[in-house]
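**Q** What follows is start-v9.txt, made up of compact mmCIF, C-alpha atoms and all ligand atoms:
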# COMPACT_ATOMS: atom_id res chain seq x y z
CA MET F 154 125.55 114.51 113.22
CA SER F 155 125.41 118.26 112.61
CA GLU F 156 124.98 118.13 108.81
CA ALA F 157 121.46 118.06 107.37
CA PRO F 158 120.28 114.44 107.35
CA LEU F 159 120.19 112.57 104.04
CA VAL F 160 118.75 109.36 105.45
CA GLY F 161 115.75 109.17 107.71
CA ILE F 162 115.58 106.11 109.95
CA ILE F 163 112.07 105.66 111.30
CA MET F 164 110.70 102.90 113.49
CA GLY F 165 107.33 101.97 114.90
CA SER F 166 108.35 101.94 118.56
CA THR F 167 111.23 102.68 120.87
CA SER F 168 111.39 98.89 121.28
CA ASP F 169 112.60 98.72 117.65
CA TRP F 170 115.68 100.83 118.39
CA GLU F 171 117.81 97.87 119.50
CA THR F 172 117.42 96.54 115.95
CA MET F 173 117.40 99.80 114.01
CA ALA F 174 120.54 101.06 115.77
CA HIS F 175 122.41 98.67 113.48
CA ALA F 176 121.36 100.78 110.49
CA ALA F 177 122.45 103.96 112.25
CA LYS F 178 125.83 102.44 113.16
CA LYS F 179 126.59 101.65 109.53
CA LEU F 180 125.64 105.16 108.43
CA GLU F 181 127.81 106.62 111.20
CA ALA F 182 130.75 104.46 110.11
CA LEU F 183 130.38 105.73 106.55
CA GLY F 184 129.88 109.37 107.50
CA VAL F 185 126.33 109.61 106.18
CA PRO F 186 124.23 112.27 107.94
CA HIS F 187 121.03 110.74 109.23
CA GLU F 188 118.24 111.14 111.76
CA CYS F 189 116.37 108.58 113.86
CA LYS F 190 112.70 109.00 114.80
CA VAL F 191 109.88 106.97 116.29
CA VAL F 192 106.96 107.13 113.87
CA SER F 193 104.17 104.59 114.27
CA ALA F 194 101.70 103.82 111.49
CA HIS F 195 99.14 102.74 114.06
CA ARG F 196 99.76 104.89 117.12
CA THR F 197 100.88 108.14 115.49
CA PRO F 198 99.36 108.21 111.99
CA GLN F 199 99.49 112.02 111.73
CA ARG F 200 103.20 111.97 112.61
CA LEU F 201 103.73 109.42 109.86
CA TYR F 202 101.80 111.54 107.35
CA ASP F 203 103.78 114.66 108.25
CA TYR F 204 107.11 112.82 108.17
CA ALA F 205 106.68 110.95 104.90
CA SER F 206 104.97 113.70 102.95
CA GLY F 207 107.58 116.27 104.02
CA ALA F 208 110.69 114.08 103.78
CA ALA F 209 111.81 115.04 100.27
CA ASP F 210 111.29 118.76 100.85
CA ARG F 211 113.46 118.53 103.99
CA GLY F 212 116.30 117.13 101.89
CA LEU F 213 116.11 113.47 102.81
CA LYS F 214 117.18 111.12 99.99
CA VAL F 215 116.39 107.69 101.44
CA ILE F 216 114.07 106.47 104.18
CA ILE F 217 114.76 103.34 106.22
CA ALA F 218 111.62 102.15 107.99
CA GLY F 219 111.65 99.36 110.55
CA ALA F 220 108.63 97.85 112.23
CA GLY F 221 107.42 94.62 113.75
CA GLY F 222 104.21 92.62 113.80
CA ALA F 223 101.53 94.06 111.52
CA ALA F 224 104.24 96.25 110.06
CA HIS F 225 102.51 98.88 107.95
CA LEU F 226 105.09 101.61 108.49
CA PRO F 227 107.34 101.06 105.44
CA GLY F 228 104.48 100.64 102.99
CA MET F 229 102.53 103.59 104.32
CA ALA F 230 105.66 105.76 104.26
CA ALA F 231 106.32 104.67 100.66
CA SER F 232 102.76 105.61 99.71
CA MET F 233 103.42 109.23 100.67
CA THR F 234 106.85 109.87 99.16
CA HIS F 235 108.73 109.20 95.94
CA LEU F 236 111.94 108.66 97.92
CA PRO F 237 113.29 105.10 98.05
CA VAL F 238 112.00 103.34 101.16
CA LEU F 239 113.94 100.42 102.62
CA GLY F 240 111.87 98.22 104.91
CA VAL F 241 113.34 96.34 107.86
CA PRO F 242 111.18 93.60 109.42
CA VAL F 243 111.83 93.76 113.17
CA GLN F 244 111.85 90.35 114.85
CA SER F 245 108.59 90.00 116.74
CA LYS F 246 108.18 87.82 119.83
CA ALA F 247 105.07 85.93 118.74
CA LEU F 248 106.06 84.96 115.20
CA LYS F 249 109.82 85.66 115.16
CA GLY F 250 109.47 88.35 112.51
CA MET F 251 107.69 86.29 109.85
CA ASP F 252 104.66 88.52 110.39
CA SER F 253 106.82 91.62 110.00
CA LEU F 254 108.50 90.26 106.88
CA LEU F 255 105.27 89.30 105.12
CA SER F 256 103.63 92.59 106.09
CA ILE F 257 106.48 94.56 104.52
CA VAL F 258 107.54 92.51 101.53
CA GLN F 259 104.23 91.88 99.75
CA MET F 260 103.58 95.36 98.40
CA PRO F 261 101.14 95.60 95.52
CA ALA F 262 102.68 96.75 92.24
CA GLY F 263 103.11 100.52 92.04
CA VAL F 264 104.39 101.37 95.52
CA PRO F 265 107.74 99.64 96.10
CA VAL F 266 109.44 98.95 99.42
CA GLY F 267 112.94 97.47 99.23
CA THR F 268 112.63 94.79 101.89
CA LEU F 269 115.65 93.60 103.84
CA ALA F 270 116.20 90.55 106.06
CA ILE F 271 114.52 90.12 109.45
CA GLY F 272 116.30 91.73 112.39
CA ASN F 273 119.80 93.05 112.96
CA ALA F 274 121.26 91.88 109.64
CA GLY F 275 118.43 93.53 107.75
CA ALA F 276 118.91 96.79 109.63
CA ALA F 277 122.68 96.78 109.05
CA ASN F 278 122.18 96.04 105.37
CA ALA F 279 119.57 98.78 105.10
CA GLY F 280 122.20 101.24 106.31
CA LEU F 281 124.72 99.90 103.79
CA LEU F 282 122.18 99.93 100.98
CA ALA F 283 121.15 103.50 101.75
CA ALA F 284 124.83 104.45 101.59
CA SER F 285 125.18 102.63 98.25
CA ILE F 286 122.22 104.53 96.83
CA LEU F 287 123.69 107.86 97.93
CA ALA F 288 127.13 106.83 96.67
CA THR F 289 125.87 106.72 93.08
CA SER F 290 126.00 110.53 93.12
CA ASP F 291 128.68 111.06 95.80
CA PRO F 292 132.19 109.89 94.75
CA ALA F 293 133.69 110.53 98.20
CA LEU F 294 131.07 108.31 99.82
CA ALA F 295 131.62 105.68 97.12
CA GLU F 296 135.30 105.68 98.08
CA ARG F 297 134.49 105.34 101.80
CA LEU F 298 132.11 102.50 101.03
CA GLN F 299 134.73 100.64 99.02
CA VAL F 300 137.30 101.11 101.80
CA TRP F 301 134.77 99.79 104.32
CA ARG F 302 134.01 96.75 102.15
CA ALA F 303 137.73 96.03 101.66
CA GLY F 304 138.23 96.21 105.42
CA GLN F 305 135.41 93.71 105.92
CA THR F 306 137.03 91.38 103.38
CA ASP F 307 140.42 91.72 105.09
CA GLY F 308 138.79 90.90 108.43
CA VAL F 309 137.59 87.45 107.38
CA ALA F 310 139.79 84.79 108.95
CA GLU F 311 141.08 81.96 106.78
CA SER F 312 140.66 79.43 109.58
CA PRO F 313 137.97 79.17 112.28
CA GLU F 314 140.54 78.71 115.09
C1 LIG F 401 105.14 97.83 116.02
O1 LIG F 401 104.74 97.07 117.09
C2 LIG F 401 106.51 98.31 116.35
O2 LIG F 401 107.23 98.49 115.17
C3 LIG F 401 107.09 97.23 117.22
O3 LIG F 401 107.98 96.37 116.51
C4 LIG F 401 105.87 96.45 117.66
C5 LIG F 401 105.72 96.39 119.16
O4 LIG F 401 105.72 97.70 119.68
P1 LIG F 401 105.76 97.94 121.24
O5 LIG F 401 104.52 97.31 121.79
O6 LIG F 401 107.01 97.32 121.77
O7 LIG F 401 105.77 99.45 121.40
O8 LIG F 401 104.28 98.89 115.78
Show me, as structure tokens, the structure contained in the file I just sent.
Ligand code: RP5

**A**
Amino acid sequence: MSEAPLVGIIMGSTSDWETMAHAAKKLEALGVPHECKVVSAHRTPQRLYDYASGAADRGLKVIIAGAGGAAHLPGMAASMTHLPVLGVPVQSKALKGMDSLLSIVQMPAGVPVGTLAIGNAGAANAGLLAASILATSDPALAERLQVWRAGQTDGVAESPE
């Protein structure tokens, strides 16, 4: 997208992209400018500091952060910005994402992370939720979101056959 990004999608590893692409796809479908970056809390802490602390000044409005295992990325990002941070627990191999979920969801009071479901559904919903947040001050996006939701409703079959 050529417009300045409003949503920053960050993930701990390139291996998270398969999951986090579902967030990007929803933002693309709704015409929300966004960027996607690999930012690891453990392997690239300085990159995380620079990204999170500079996000608001660069014009970002929402951050979606996905990570797996000992998933500190969403919480650490939230600690360095006042922007809303949506956390996506990526499904890990060893513990099927329960480790990711518990690492992200149990934030101490004072630094919130809006935690979504484990895996692809969580990533897709993070994209939709970011769009909903932006739509509160963007009537055209609110209209696109409602059209998208109506299309989803229309697409549900009445019978399984
Ligand atoms: C986390 O470790 C990443 O978010 C990823 O989900 C997990 C495994 O990373 P790789 O070893 O595949 O790079 O930091």

**Q** Provide the CA of Ala270 in chain F to CA of Leu294 in chain F distance in Å, to one decimal place.

**A**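 One can read the CA of Ala270 in chain F to CA of Leu294 in chain F distance as 24.0 Å.
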
**Q** Within 7 Å of range 242-245 of chain F, counting only C-alpha atoms, which residues qualify if same-chain residues fewer than 3 places away don't, as a list in words?

**A**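 Near neighbours after the sequence-gap exclusion: Asp169, Thr172, Gly219, Ala220, Gly221, Gly222, Leu248, Lys249, Gly250, Ser253, Leu254, Ile257, Ala270, Ile271 and Gly272 of chain F.
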
**Q** As a tab-separated table (two decimals) with C-alpha atoms, keeping the file's coordinate frame, please: the residues near range 277-280 of chain F (cut-off 7 Å, all atoms listed in the file, same-chain neighbours under 4 positions excluded).

**A**
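Saved to part.tsv:
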chain	number	residue	atom	x	y	z
F	175	HIS	CA	122.41	98.67	113.48
F	176	ALA	CA	121.36	100.78	110.49
F	177	ALA	CA	122.45	103.96	112.25
F	179	LYS	CA	126.59	101.65	109.53
F	180	LEU	CA	125.64	105.16	108.43
F	217	ILE	CA	114.76	103.34	106.22
F	239	LEU	CA	113.94	100.42	102.62
F	269	LEU	CA	115.65	93.60	103.84
F	273	ASN	CA	119.80	93.05	112.96
F	284	ALA	CA	124.83	104.45	101.59

**Q** Kindly indicate which residue among F:Val185, F:Ala194, F:Ala224, F:Ala230 lies nearest to Ile286 in chain F, using all atoms listed in the file for the distances.

**A**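 Answer, going by the shortest atom-to-atom distance: F:Val185.
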
**Q** Which residue gives the smallest distance to ligand LIG 401 (chain F) among F:Met233, F:Val160, F:Ala295, F:Val241, with only C-alpha atoms and all ligand atoms counted?

**A**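 Distance minimum relative to ligand LIG 401 (chain F) lands on F:Val241.
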